[in-house]
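protein-v2.txt follows; it contains compact mmCIF, C-alpha atoms and all ligand atoms.
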```
# COMPACT_ATOMS: atom_id res chain seq x y z
CA MET A 436 15.09 5.42 -20.62
CA THR A 437 11.72 5.55 -19.00
CA THR A 438 10.50 4.69 -15.48
CA LEU A 439 7.45 2.44 -15.65
CA ILE A 440 4.70 2.79 -13.01
CA LEU A 441 2.12 0.01 -12.88
CA GLY A 442 -1.22 0.68 -11.19
CA ALA A 443 -0.68 4.33 -12.02
CA SER A 444 -4.27 5.47 -11.48
CA GLY A 445 -4.71 3.84 -8.08
CA ASN A 446 -4.40 5.82 -4.87
CA LEU A 447 -0.64 5.44 -4.48
CA GLY A 448 0.05 5.21 -8.23
CA THR A 449 -1.52 8.63 -8.82
CA GLN A 450 0.81 10.16 -6.21
CA LEU A 451 3.82 8.35 -7.69
CA LYS A 452 3.04 9.94 -11.05
CA LEU A 453 2.98 13.36 -9.36
CA ALA A 454 6.27 12.66 -7.54
CA TYR A 455 7.85 11.81 -10.92
CA LYS A 456 6.35 14.81 -12.74
CA GLY A 457 8.84 16.25 -15.22
CA LYS A 458 10.75 12.96 -15.46
CA ASP A 459 10.51 10.41 -18.24
CA VAL A 460 7.67 8.22 -16.94
CA THR A 461 5.37 5.69 -18.53
CA ALA A 462 2.18 5.02 -16.58
CA TRP A 463 0.12 1.88 -17.10
CA ASP A 464 -3.22 0.95 -15.61
CA ARG A 465 -6.20 -1.26 -16.37
CA THR A 466 -7.36 1.11 -19.11
CA ASP A 467 -4.16 0.19 -21.00
CA PHE A 468 -4.55 -3.58 -20.57
CA ASP A 469 -5.17 -6.28 -17.97
CA PHE A 470 -1.82 -6.89 -16.21
CA LEU A 471 -2.87 -10.48 -15.65
CA ASP A 472 -2.51 -11.09 -19.37
CA PHE A 473 1.12 -11.99 -18.75
CA GLU A 474 1.91 -12.62 -22.45
CA MET A 475 0.70 -9.12 -23.31
CA LEU A 476 2.60 -7.72 -20.32
CA LYS A 477 5.87 -9.36 -21.40
CA LYS A 478 5.44 -8.12 -24.97
CA LYS A 479 4.74 -4.58 -23.81
CA LEU A 480 7.75 -4.65 -21.48
CA LEU A 481 9.99 -5.75 -24.35
CA ASP A 482 8.64 -2.94 -26.54
CA LEU A 483 9.02 -0.28 -23.84
CA SER A 484 12.35 -1.39 -22.35
CA PRO A 485 12.06 0.63 -19.09
CA SER A 486 15.06 1.40 -16.91
CA LEU A 487 13.12 0.97 -13.64
CA ILE A 488 9.76 -0.61 -12.72
CA ILE A 489 7.58 0.57 -9.83
CA ASN A 490 4.68 -1.75 -9.13
CA ALA A 491 1.77 -0.10 -7.32
CA ALA A 492 -0.83 -2.49 -8.76
CA ALA A 493 -2.35 -4.89 -6.28
CA TYR A 494 -5.41 -6.78 -5.13
CA ASN A 495 -6.51 -5.04 -1.91
CA ALA A 496 -10.00 -6.34 -1.07
CA VAL A 497 -8.92 -7.92 2.22
CA ASP A 498 -12.32 -9.33 3.24
CA LYS A 499 -13.57 -10.37 -0.20
CA CYS A 500 -10.62 -12.69 -0.87
CA GLU A 501 -11.00 -14.28 2.56
CA GLU A 502 -14.48 -15.59 1.76
CA ASP A 503 -14.56 -16.16 -1.97
CA GLU A 504 -12.27 -18.61 -3.77
CA THR A 505 -12.49 -16.83 -7.12
CA GLU A 506 -11.44 -13.59 -5.46
CA ALA A 507 -8.67 -15.39 -3.60
CA ALA A 508 -7.36 -16.79 -6.90
CA LEU A 509 -7.34 -13.26 -8.32
CA ALA A 510 -5.46 -12.01 -5.25
CA TRP A 511 -2.77 -14.70 -5.69
CA ARG A 512 -2.39 -13.82 -9.39
CA LEU A 513 -2.02 -10.10 -8.74
CA ASN A 514 -0.10 -10.10 -5.49
CA ARG A 515 2.24 -13.08 -6.07
CA ASP A 516 2.33 -14.01 -9.76
CA LEU A 517 2.46 -10.49 -11.22
CA PRO A 518 5.50 -9.46 -9.12
CA ALA A 519 7.16 -12.74 -10.14
CA VAL A 520 6.76 -11.88 -13.85
CA LEU A 521 8.05 -8.35 -13.23
CA ALA A 522 10.98 -9.68 -11.20
CA ASP A 523 11.94 -12.08 -14.02
CA TYR A 524 11.98 -9.22 -16.50
CA CYS A 525 13.98 -6.93 -14.19
CA LEU A 526 16.51 -9.67 -13.45
CA GLU A 527 16.99 -10.43 -17.14
CA ARG A 528 17.45 -6.74 -17.98
CA SER A 529 19.47 -5.87 -14.84
CA ILE A 530 17.08 -3.08 -13.89
CA PRO A 531 15.64 -2.34 -10.43
CA LEU A 532 12.14 -3.31 -9.29
CA LEU A 533 10.31 -1.44 -6.53
CA HIS A 534 7.28 -3.30 -5.21
CA TYR A 535 4.88 -2.49 -2.34
CA SER A 536 3.87 -4.82 0.46
CA THR A 537 1.98 -4.50 3.71
CA ASP A 538 2.03 -4.70 7.52
CA TYR A 539 -0.53 -7.51 7.10
CA VAL A 540 2.35 -9.91 6.39
CA PHE A 541 2.78 -9.82 10.18
CA GLY A 542 0.61 -11.51 12.75
CA GLY A 543 0.65 -9.00 15.67
CA ASP A 544 -0.76 -10.99 18.52
CA GLY A 545 -2.82 -8.36 20.27
CA ARG A 546 -0.39 -7.58 23.04
CA LEU A 547 1.68 -4.45 22.82
CA SER A 548 4.90 -5.76 21.44
CA ASN A 549 7.95 -4.29 19.82
CA ALA A 550 7.40 -2.89 16.37
CA TYR A 551 8.29 -5.11 13.42
CA THR A 552 11.62 -4.38 11.78
CA GLU A 553 12.55 -5.20 8.20
CA ILE A 554 14.00 -8.54 9.35
CA SER A 555 11.14 -9.64 11.63
CA LYS A 556 9.53 -12.95 10.73
CA PRO A 557 6.28 -12.61 8.73
CA GLN A 558 3.27 -14.64 9.83
CA PRO A 559 0.16 -13.45 7.97
CA LEU A 560 -3.25 -13.95 9.56
CA ASN A 561 -5.36 -13.65 6.42
CA VAL A 562 -5.40 -14.60 2.73
CA TYR A 563 -4.52 -11.07 1.59
CA GLY A 564 -1.44 -11.09 3.84
CA GLN A 565 -0.46 -14.53 2.53
CA THR A 566 -0.70 -13.37 -1.09
CA LYS A 567 1.38 -10.25 -0.38
CA LEU A 568 3.99 -12.38 1.39
CA GLY A 569 3.91 -14.67 -1.65
CA GLY A 570 4.89 -11.67 -3.81
CA GLU A 571 7.74 -10.80 -1.44
CA GLN A 572 9.01 -14.39 -1.59
CA GLU A 573 8.94 -14.53 -5.41
CA ILE A 574 11.02 -11.36 -5.51
CA ALA A 575 13.42 -12.57 -2.79
CA ARG A 576 13.96 -15.81 -4.74
CA ARG A 577 15.16 -13.84 -7.81
CA ALA A 578 17.34 -11.72 -5.51
CA LEU A 579 19.49 -14.83 -5.02
CA ASN A 580 20.37 -14.48 -8.72
CA GLY A 581 21.19 -10.78 -8.39
CA LEU A 582 17.86 -8.94 -8.81
CA ARG A 583 18.11 -5.33 -7.59
CA TYR A 584 14.85 -5.16 -5.65
CA TYR A 585 13.14 -2.84 -3.21
CA ILE A 586 10.17 -4.19 -1.26
CA VAL A 587 8.51 -1.30 0.53
CA ARG A 588 6.14 -2.37 3.30
CA THR A 589 3.61 0.25 4.31
CA SER A 590 0.30 0.50 6.17
CA LYS A 591 -3.07 2.31 6.42
CA LEU A 592 -2.73 4.50 3.34
CA PHE A 593 -4.68 7.77 3.17
CA GLY A 594 -4.64 10.73 0.83
CA PRO A 595 -6.33 12.04 -2.29
CA LYS A 596 -8.42 9.58 -4.24
CA GLY A 597 -6.64 8.05 -7.22
CA GLU A 598 -7.55 9.09 -10.79
CA ASN A 599 -9.15 5.70 -11.33
CA ALA A 600 -12.96 6.03 -11.55
CA HIS A 601 -13.46 3.42 -8.83
CA ALA A 602 -10.50 4.34 -6.57
CA LYS A 603 -11.37 3.81 -2.90
CA ALA A 604 -11.93 6.82 -0.64
CA SER A 605 -9.50 6.87 2.28
CA PHE A 606 -10.62 6.04 5.84
CA PHE A 607 -10.86 9.70 6.89
CA ASP A 608 -12.93 10.72 3.85
CA LEU A 609 -15.19 7.71 4.28
CA MET A 610 -15.83 8.55 7.94
CA LEU A 611 -16.47 12.19 7.07
CA SER A 612 -19.06 11.16 4.50
CA LEU A 613 -20.77 8.95 7.13
CA THR A 614 -21.28 11.95 9.44
CA GLU A 615 -23.93 13.17 6.99
CA LYS A 616 -26.03 10.06 7.70
CA GLN A 617 -25.16 8.98 11.24
CA GLU A 618 -25.22 10.74 14.60
CA GLU A 619 -22.64 8.46 16.12
CA LEU A 620 -19.83 6.46 14.50
CA LYS A 621 -18.52 3.22 15.99
CA VAL A 622 -14.82 2.89 15.35
CA VAL A 623 -12.37 0.13 16.26
CA ASP A 624 -10.00 1.13 19.04
CA GLY A 625 -7.40 -1.45 18.08
CA GLU A 626 -5.36 -2.77 15.13
CA ILE A 627 -2.52 -0.45 16.05
CA SER A 628 -0.30 0.45 13.12
CA CYS A 629 0.94 3.53 11.26
CA PHE A 630 -1.15 5.74 8.99
CA THR A 631 0.68 6.72 5.82
CA TYR A 632 -0.01 9.72 3.57
CA THR A 633 0.32 8.63 -0.06
CA PRO A 634 2.16 11.81 -1.25
CA ASP A 635 4.75 11.26 1.54
CA LEU A 636 5.15 7.60 0.59
CA ALA A 637 5.55 8.45 -3.10
CA THR A 638 8.27 11.03 -2.34
CA ALA A 639 10.05 8.68 0.10
CA SER A 640 9.97 5.90 -2.51
CA LYS A 641 11.52 8.16 -5.15
CA LEU A 642 14.27 9.23 -2.72
CA LEU A 643 14.95 5.61 -1.79
CA LEU A 644 15.75 4.90 -5.43
CA GLU A 645 17.59 8.15 -6.11
CA ASP A 646 19.88 7.57 -3.11
CA GLN A 647 21.08 4.32 -4.71
CA SER A 648 20.07 2.57 -1.49
CA PRO A 649 21.13 -1.03 -0.99
CA ARG A 650 18.53 -3.48 -2.24
CA GLY A 651 16.19 -5.20 0.21
CA ILE A 652 13.12 -4.70 2.35
CA TYR A 653 12.18 -1.24 3.65
CA HIS A 654 9.46 -0.04 6.01
CA LEU A 655 8.02 3.35 5.02
CA THR A 656 5.09 4.83 6.96
CA ASN A 657 4.35 8.13 8.63
CA SER A 658 5.70 8.16 12.18
CA GLY A 659 3.71 7.21 15.28
CA PRO A 660 1.31 4.37 15.95
CA ALA A 661 -2.46 4.82 16.24
CA THR A 662 -5.68 2.86 16.37
CA TRP A 663 -8.50 3.70 13.95
CA TYR A 664 -10.33 5.36 16.85
CA GLU A 665 -7.35 7.47 17.95
CA ALA A 666 -6.72 8.71 14.42
CA LEU A 667 -10.35 9.56 13.76
CA SER A 668 -10.70 11.36 17.12
CA TYR A 669 -7.66 13.47 16.25
CA PHE A 670 -9.03 14.19 12.78
CA PHE A 671 -12.52 15.18 13.96
CA GLU A 672 -11.05 17.52 16.57
CA MET A 673 -8.78 19.10 13.97
CA ALA A 674 -11.60 19.41 11.43
CA LYS A 675 -14.06 20.57 14.13
CA VAL A 676 -16.48 17.75 13.32
CA LYS A 677 -19.04 17.38 16.11
CA THR A 678 -20.29 13.84 15.38
CA SER A 679 -19.57 11.61 18.35
CA ILE A 680 -17.32 8.58 18.01
CA LYS A 681 -17.73 5.44 20.07
CA ALA A 682 -14.65 3.30 20.59
CA ILE A 683 -15.32 -0.40 20.11
CA ARG A 684 -13.11 -3.49 20.40
CA PRO A 685 -12.08 -5.26 17.15
CA ASP A 686 -14.29 -8.24 18.09
CA GLU A 687 -17.31 -5.92 18.24
CA TRP A 688 -16.81 -5.23 14.50
CA PRO A 689 -16.46 -8.73 13.07
CA ARG A 690 -15.11 -8.98 9.54
CA PRO A 691 -14.31 -12.07 7.44
CA ALA A 692 -10.51 -11.54 7.53
CA ALA A 693 -8.59 -11.47 10.81
CA ARG A 694 -6.37 -8.41 11.28
CA PRO A 695 -3.22 -8.09 13.37
CA ASN A 696 -3.91 -6.20 16.56
CA TYR A 697 -0.44 -4.70 16.51
CA SER A 698 1.47 -4.30 13.25
CA VAL A 699 3.60 -1.19 13.67
CA LEU A 700 6.40 -1.16 11.09
CA ASP A 701 9.73 0.04 12.44
CA ASN A 702 11.78 1.88 9.81
CA THR A 703 15.41 1.17 10.72
CA ARG A 704 16.96 1.79 7.28
CA ARG A 705 15.76 5.17 5.99
CA PRO A 706 15.10 8.68 7.35
CA LYS A 707 11.83 8.67 9.33
CA LEU A 708 8.81 10.25 7.65
CA ARG A 709 7.00 13.07 9.49
CA SER A 710 4.24 12.20 11.97
CA TRP A 711 0.84 11.10 10.67
CA GLN A 712 -0.70 14.06 12.54
CA GLU A 713 1.37 16.56 10.50
CA ALA A 714 0.58 14.74 7.29
CA LEU A 715 -3.13 14.60 8.10
CA LEU A 716 -3.19 18.32 8.84
CA GLU A 717 -1.62 19.03 5.46
CA TYR A 718 -4.14 16.75 3.76
CA TRP A 719 -7.06 18.45 5.51
CA GLN A 720 -5.76 21.94 4.72
CA SER A 721 -5.19 21.06 1.07
CA ASN A 722 -8.83 19.92 0.87
CA ASN A 723 -10.11 23.12 2.45
CA LYS A 724 -8.26 25.89 0.66
N1 LIG B 801 -4.43 0.78 0.85
C1 LIG B 801 -3.76 0.50 1.95
O1 LIG B 801 -4.14 0.91 3.08
C2 LIG B 801 -2.48 -0.31 1.88
C3 LIG B 801 -1.89 -0.75 3.07
C4 LIG B 801 -0.69 -1.47 2.99
C5 LIG B 801 -0.11 -1.74 1.76
N2 LIG B 801 -0.73 -1.33 0.63
C6 LIG B 801 -0.09 -1.65 -0.67
O2 LIG B 801 0.22 -0.43 -1.34
C7 LIG B 801 0.12 -0.61 -2.76
C8 LIG B 801 -0.77 0.47 -3.36
O3 LIG B 801 -2.09 0.33 -2.80
P1 LIG B 801 -3.29 1.31 -3.21
O4 LIG B 801 -4.17 1.42 -2.03
O5 LIG B 801 -2.77 2.53 -3.88
O6 LIG B 801 -4.03 0.40 -4.30
P2 LIG B 801 -5.22 0.78 -5.29
O7 LIG B 801 -5.67 2.18 -5.07
O8 LIG B 801 -6.21 -0.33 -5.21
O9 LIG B 801 -4.49 0.73 -6.71
C9 LIG B 801 -4.16 -0.46 -7.34
C10 LIG B 801 -4.23 -0.23 -8.83
O10 LIG B 801 -3.92 -1.46 -9.51
C11 LIG B 801 -4.84 -1.61 -10.59
N3 LIG B 801 -5.04 -3.00 -10.97
C12 LIG B 801 -5.48 -4.01 -10.17
N4 LIG B 801 -5.60 -5.13 -10.90
C13 LIG B 801 -5.23 -4.83 -12.16
C14 LIG B 801 -5.14 -5.57 -13.37
N5 LIG B 801 -5.45 -6.87 -13.44
N6 LIG B 801 -4.72 -4.94 -14.49
C15 LIG B 801 -4.42 -3.63 -14.46
N7 LIG B 801 -4.49 -2.86 -13.34
C16 LIG B 801 -4.89 -3.47 -12.22
C17 LIG B 801 -6.13 -1.06 -10.02
O11 LIG B 801 -7.03 -0.80 -11.04
P3 LIG B 801 -8.58 -1.16 -10.76
O12 LIG B 801 -9.01 -0.24 -9.68
O13 LIG B 801 -9.20 -0.94 -12.07
O14 LIG B 801 -8.64 -2.59 -10.30
C18 LIG B 801 -5.63 0.19 -9.31
O15 LIG B 801 -5.52 1.29 -10.19
C19 LIG B 801 -0.36 -2.05 -2.95
O16 LIG B 801 0.74 -2.90 -3.17
C20 LIG B 801 -1.01 -2.40 -1.63
O17 LIG B 801 -1.01 -3.79 -1.38
C21 LIG B 801 -1.89 -0.63 0.65
```

Please re-express this file's structure in structure tokens.
Ligand SMILES: NC(=O)c1ccc[n+]([C@@H]2O[C@H](COP(=O)([O-])OP(=O)(O)OC[C@H]3O[C@@H](n4cnc5c(N)ncnc54)[C@H](OP(=O)(O)O)[C@@H]3O)[C@@H](O)[C@H]2O)c1
Amino acid sequence: MTTLILGASGNLGTQLKLAYKGKDVTAWDRTDFDFLDFEMLKKKLLDLSPSLIINAAAYNAVDKCEEDETEAALAWRLNRDLPAVLADYCLERSIPLLHYSTDYVFGGDGRLSNAYTEISKPQPLNVYGQTKLGGEQEIARRALNGLRYYIVRTSKLFGPKGENAHAKASFFDLMLSLTEKQEELKVVDGEISCFTYTPDLATASKLLLEDQSPRGIYHLTNSGPATWYEALSYFFEMAKVKTSIKAIRPDEWPRPAARPNYSVLDNTRRPKLRSWQEALLEYWQSNNK
């Protein structure tokens, strides 16, 4: 029976497809149908009868949904209601569901604190974080009835752009493109969390399932905390980019949605992933062969 990947042309979804290459996989994205048409979704699930569902579809426009009620409604539908529908199906069929969540479910208070473990108490600061926590809660509720679920929290994804025509460029690629227009880049020296290379996350997710791991919440990121400024400084040095970077405080770059100042995810349940520096080097080298 087939493994179903939803959001398969997004940034992570594209890497999941690669990680599952050679296996029996069905990949769905918006070009197939709108996942928010839940009647269509349920019908297609019944027709396909997958043996495992991996949900990489999400609403990710953190600032847009903070300001705009229509966008916020969309975020709730995608990030809370869609996982609920998937969880119902998986529970009924006794198949596992792997779903992705975020460090933004935590409310890091700006002081250097201990990293968040899988059992730390969520306290989202923005609408996006609330909707992602809503998805976690819908899944956890079905777990009480026996759902075999994996919620993988991750943070600051980077890697190759997804196949999707409007997939977002990662932070490093975006900054690199800005060097063509700007002599100096201002970058936030804060919001400490862990950068995560999408091919590493896709492989770690596949292993999590293959190892028959106990159900529950997992934290999967590349190892080592960094601010946006620290990561970009490292990248520019590695890539020999001469454009200067000015470190600014988060409050000097105001955005509609508040972000946690410290949201490092501590992975206490699975083998640690390599450091973000190693992963970034591989990404850079693969782009410059
Ligand atoms: N990006 C990060 O830094 C980050 C950090 C922490 C956690 N995460 C989590 O990691 C997961 C993967 O994120 P990502 O960055 O890979 O996301 P992404 O690139 O935005 O991919 C999401 C995919 O879902 C599709 N989708 C959205 N709404 C849909 C709908 N109504 N019907 C059909 N398809 C729809 C999108 O298609 P369209 O593009 O056509 O909408 C896109 O292909 C998400 O759960 C996200 O919350 C991401």

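For the residues A:Thr552, A:Thr437, A:Ser605, A:Asn702, ranking by smallest atom-to-atom distance to Leu487 in chain A using all atoms listed in the file places A:Thr437 first.
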
What do you get as a JSON list (two decimals) with C-alpha atoms, keeping the file's coordinate frame if you pick all residues at most 8 Å from ligand LIG 801 (chain B), counting all atoms listed in the file?
```json
[["chain", "number", "residue", "atom", "x", "y", "z"],
["A", 441, "LEU", "CA", 2.12, 0.01, -12.88],
["A", 442, "GLY", "CA", -1.22, 0.68, -11.19],
["A", 443, "ALA", "CA", -0.68, 4.33, -12.02],
["A", 444, "SER", "CA", -4.27, 5.47, -11.48],
["A", 445, "GLY", "CA", -4.71, 3.84, -8.08],
["A", 446, "ASN", "CA", -4.40, 5.82, -4.87],
["A", 447, "LEU", "CA", -0.64, 5.44, -4.48],
["A", 448, "GLY", "CA", 0.05, 5.21, -8.23],
["A", 449, "THR", "CA", -1.52, 8.63, -8.82],
["A", 463, "TRP", "CA", 0.12, 1.88, -17.10],
["A", 464, "ASP", "CA", -3.22, 0.95, -15.61],
["A", 465, "ARG", "CA", -6.20, -1.26, -16.37],
["A", 466, "THR", "CA", -7.36, 1.11, -19.11],
["A", 467, "ASP", "CA", -4.16, 0.19, -21.00],
["A", 468, "PHE", "CA", -4.55, -3.58, -20.57],
["A", 469, "ASP", "CA", -5.17, -6.28, -17.97],
["A", 470, "PHE", "CA", -1.82, -6.89, -16.21],
["A", 471, "LEU", "CA", -2.87, -10.48, -15.65],
["A", 472, "ASP", "CA", -2.51, -11.09, -19.37],
["A", 490, "ASN", "CA", 4.68, -1.75, -9.13],
["A", 491, "ALA", "CA", 1.77, -0.10, -7.32],
["A", 492, "ALA", "CA", -0.83, -2.49, -8.76],
["A", 493, "ALA", "CA", -2.35, -4.89, -6.28],
["A", 494, "TYR", "CA", -5.41, -6.78, -5.13],
["A", 495, "ASN", "CA", -6.51, -5.04, -1.91],
["A", 513, "LEU", "CA", -2.02, -10.10, -8.74],
["A", 514, "ASN", "CA", -0.10, -10.10, -5.49],
["A", 534, "HIS", "CA", 7.28, -3.30, -5.21],
["A", 535, "TYR", "CA", 4.88, -2.49, -2.34],
["A", 536, "SER", "CA", 3.87, -4.82, 0.46],
["A", 537, "THR", "CA", 1.98, -4.50, 3.71],
["A", 538, "ASP", "CA", 2.03, -4.70, 7.52],
["A", 539, "TYR", "CA", -0.53, -7.51, 7.10],
["A", 567, "LYS", "CA", 1.38, -10.25, -0.38],
["A", 588, "ARG", "CA", 6.14, -2.37, 3.30],
["A", 589, "THR", "CA", 3.61, 0.25, 4.31],
["A", 590, "SER", "CA", 0.30, 0.50, 6.17],
["A", 591, "LYS", "CA", -3.07, 2.31, 6.42],
["A", 592, "LEU", "CA", -2.73, 4.50, 3.34],
["A", 593, "PHE", "CA", -4.68, 7.77, 3.17],
["A", 596, "LYS", "CA", -8.42, 9.58, -4.24],
["A", 597, "GLY", "CA", -6.64, 8.05, -7.22],
["A", 599, "ASN", "CA", -9.15, 5.70, -11.33],
["A", 600, "ALA", "CA", -12.96, 6.03, -11.55],
["A", 601, "HIS", "CA", -13.46, 3.42, -8.83],
["A", 602, "ALA", "CA", -10.50, 4.34, -6.57],
["A", 603, "LYS", "CA", -11.37, 3.81, -2.90],
["A", 633, "THR", "CA", 0.32, 8.63, -0.06]]
```

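A straight line drawn from CA of Ile627 in chain A to CA of Val699 in chain A is 6.6 Å long.
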
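With all atoms listed in the file as the atoms that count, the residue of A:Leu655, A:Met475, A:Ile440, A:Leu644 with the shortest distance to Leu453 in chain A is A:Ile440.
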
*What is the distance between CA of Glu615 in chain A and CA of Ile680 in chain A, in Å to one decimal?*
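Separation of CA of Glu615 in chain A and CA of Ile680 in chain A: 13.6 Å.
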
*Using all atoms listed in the file, which residues sit within 7 Å of range 505-512 of chain A once same-chain residues fewer than 3 positions away are excluded, as a list in words?*
Tyr494, Lys499, Cys500, Glu501, Arg515, Asp516, Leu517, Tyr563 and Thr566 of chain A

_Neighbour list for Pro685 in chain A as a list of chain:residue names, cut-off 10 Å, all atoms listed in the file, skip fewer than 2 positions in-chain_ = A:Val622, A:Val623, A:Asp624, A:Gly625, A:Glu626, A:Ala682, A:Ile683, A:Glu687, A:Trp688, A:Pro689, A:Arg690, A:Ala693, A:Arg694, A:Asn696

Selection export as a PDB file, in the coordinates of the input, atoms kept: C-alpha atoms:
```pdb
ATOM      1  CA  VAL A 622     -14.820   2.890  15.350  1.00  0.00           C
ATOM      2  CA  VAL A 623     -12.370   0.130  16.260  1.00  0.00           C
ATOM      3  CA  ASP A 624     -10.000   1.130  19.040  1.00  0.00           C
ATOM      4  CA  GLY A 625      -7.400  -1.450  18.080  1.00  0.00           C
ATOM      5  CA  GLU A 626      -5.360  -2.770  15.130  1.00  0.00           C
ATOM      6  CA  ALA A 682     -14.650   3.300  20.590  1.00  0.00           C
ATOM      7  CA  ILE A 683     -15.320  -0.400  20.110  1.00  0.00           C
ATOM      8  CA  GLU A 687     -17.310  -5.920  18.240  1.00  0.00           C
ATOM      9  CA  TRP A 688     -16.810  -5.230  14.500  1.00  0.00           C
ATOM     10  CA  PRO A 689     -16.460  -8.730  13.070  1.00  0.00           C
ATOM     11  CA  ARG A 690     -15.110  -8.980   9.540  1.00  0.00           C
ATOM     12  CA  ALA A 693      -8.590 -11.470  10.810  1.00  0.00           C
ATOM     13  CA  ARG A 694      -6.370  -8.410  11.280  1.00  0.00           C
ATOM     14  CA  ASN A 696      -3.910  -6.200  16.560  1.00  0.00           C
TER      15      ASN A 696
END
```

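Comparing the minimum interatomic distances between Phe671 in chain A and each of A:Gly594, A:Ser486, A:Gln558, A:Leu716, counting only C-alpha atoms, we find that A:Leu716 sits nearest.
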
*Could you name the residues that touch Leu560 in chain A at 10 Å or less, counting all atoms listed in the file, but leaving out those on the same chain fewer than 6 positions away, as a PyMOL selection string?*
chain A and resi 539-544+692-695

With C-alpha atoms retained, could you export that selection as a PDB file, keeping the file's coordinate frame?
```
ATOM      1  CA  TYR A 539      -0.530  -7.510   7.100  1.00  0.00           C
ATOM      2  CA  VAL A 540       2.350  -9.910   6.390  1.00  0.00           C
ATOM      3  CA  PHE A 541       2.780  -9.820  10.180  1.00  0.00           C
ATOM      4  CA  GLY A 542       0.610 -11.510  12.750  1.00  0.00           C
ATOM      5  CA  GLY A 543       0.650  -9.000  15.670  1.00  0.00           C
ATOM      6  CA  ASP A 544      -0.760 -10.990  18.520  1.00  0.00           C
ATOM      7  CA  ALA A 692     -10.510 -11.540   7.530  1.00  0.00           C
ATOM      8  CA  ALA A 693      -8.590 -11.470  10.810  1.00  0.00           C
ATOM      9  CA  ARG A 694      -6.370  -8.410  11.280  1.00  0.00           C
ATOM     10  CA  PRO A 695      -3.220  -8.090  13.370  1.00  0.00           C
TER      11      PRO A 695
END
```

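Near Tyr718 in chain A, within a cut-off of 8 Å and counting only C-alpha atoms, sit the residues Gly594, Pro595, Ala714, Leu715, Ser721 and Asn722 of chain A, with same-chain residues fewer than 3 positions away left out.
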
With C-alpha atoms retained, write the just-selected residues as a CSV table (one decimal), in the frame of the given file.
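Saved the output as again-v9.csv:
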```csv
chain,number,residue,atom,x,y,z
A,594,GLY,CA,-4.6,10.7,0.8
A,595,PRO,CA,-6.3,12.0,-2.3
A,714,ALA,CA,0.6,14.7,7.3
A,715,LEU,CA,-3.1,14.6,8.1
A,721,SER,CA,-5.2,21.1,1.1
A,722,ASN,CA,-8.8,19.9,0.9
```

*Select, from A:Tyr584, A:Phe607, A:Tyr524, A:Phe630, the residue with the minimum atom-to-atom distance to Leu700 in chain A, counting all atoms listed in the file.*
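The closest residue to Leu700 in chain A is A:Phe630.
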
*Point-to-point distance from CA of Tyr669 in chain A to CA of Ser698 in chain A, Å rounded to tenths*: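 One can read the CA of Tyr669 in chain A to CA of Ser698 in chain A distance as 20.2 Å.
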
For range 492-503 of chain A, where the input has fewer atoms than it should, I would like N, CA and C atoms rebuilt and written as a compact mmCIF listing (two decimals), in the frame of the given file.
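And here is the file that came out, part17.txt:
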```
# COMPACT_ATOMS: atom_id res chain seq x y z
N ALA A 492 0.41 -1.74 -8.50
CA ALA A 492 -0.83 -2.49 -8.76
C ALA A 492 -0.95 -3.60 -7.73
N ALA A 493 -2.16 -3.84 -7.28
CA ALA A 493 -2.35 -4.89 -6.28
C ALA A 493 -3.82 -5.26 -6.17
N TYR A 494 -4.06 -6.40 -5.57
CA TYR A 494 -5.41 -6.78 -5.13
C TYR A 494 -5.50 -6.43 -3.66
N ASN A 495 -6.46 -5.57 -3.29
CA ASN A 495 -6.51 -5.04 -1.91
C ASN A 495 -7.81 -5.32 -1.15
N ALA A 496 -8.71 -6.12 -1.73
CA ALA A 496 -10.00 -6.34 -1.07
C ALA A 496 -9.85 -7.43 0.01
N VAL A 497 -9.35 -7.00 1.16
CA VAL A 497 -8.92 -7.92 2.22
C VAL A 497 -10.02 -8.91 2.62
N ASP A 498 -11.24 -8.44 2.78
CA ASP A 498 -12.32 -9.33 3.24
C ASP A 498 -12.88 -10.20 2.12
N LYS A 499 -13.00 -9.62 0.92
CA LYS A 499 -13.57 -10.37 -0.20
C LYS A 499 -12.77 -11.63 -0.49
N CYS A 500 -11.44 -11.52 -0.48
CA CYS A 500 -10.62 -12.69 -0.87
C CYS A 500 -10.53 -13.70 0.27
N GLU A 501 -11.00 -13.34 1.44
CA GLU A 501 -11.00 -14.28 2.56
C GLU A 501 -12.15 -15.28 2.40
N GLU A 502 -13.23 -14.81 1.79
CA GLU A 502 -14.48 -15.59 1.76
C GLU A 502 -14.73 -16.30 0.44
N ASP A 503 -14.15 -15.75 -0.63
CA ASP A 503 -14.56 -16.16 -1.97
C ASP A 503 -13.33 -16.71 -2.71
```
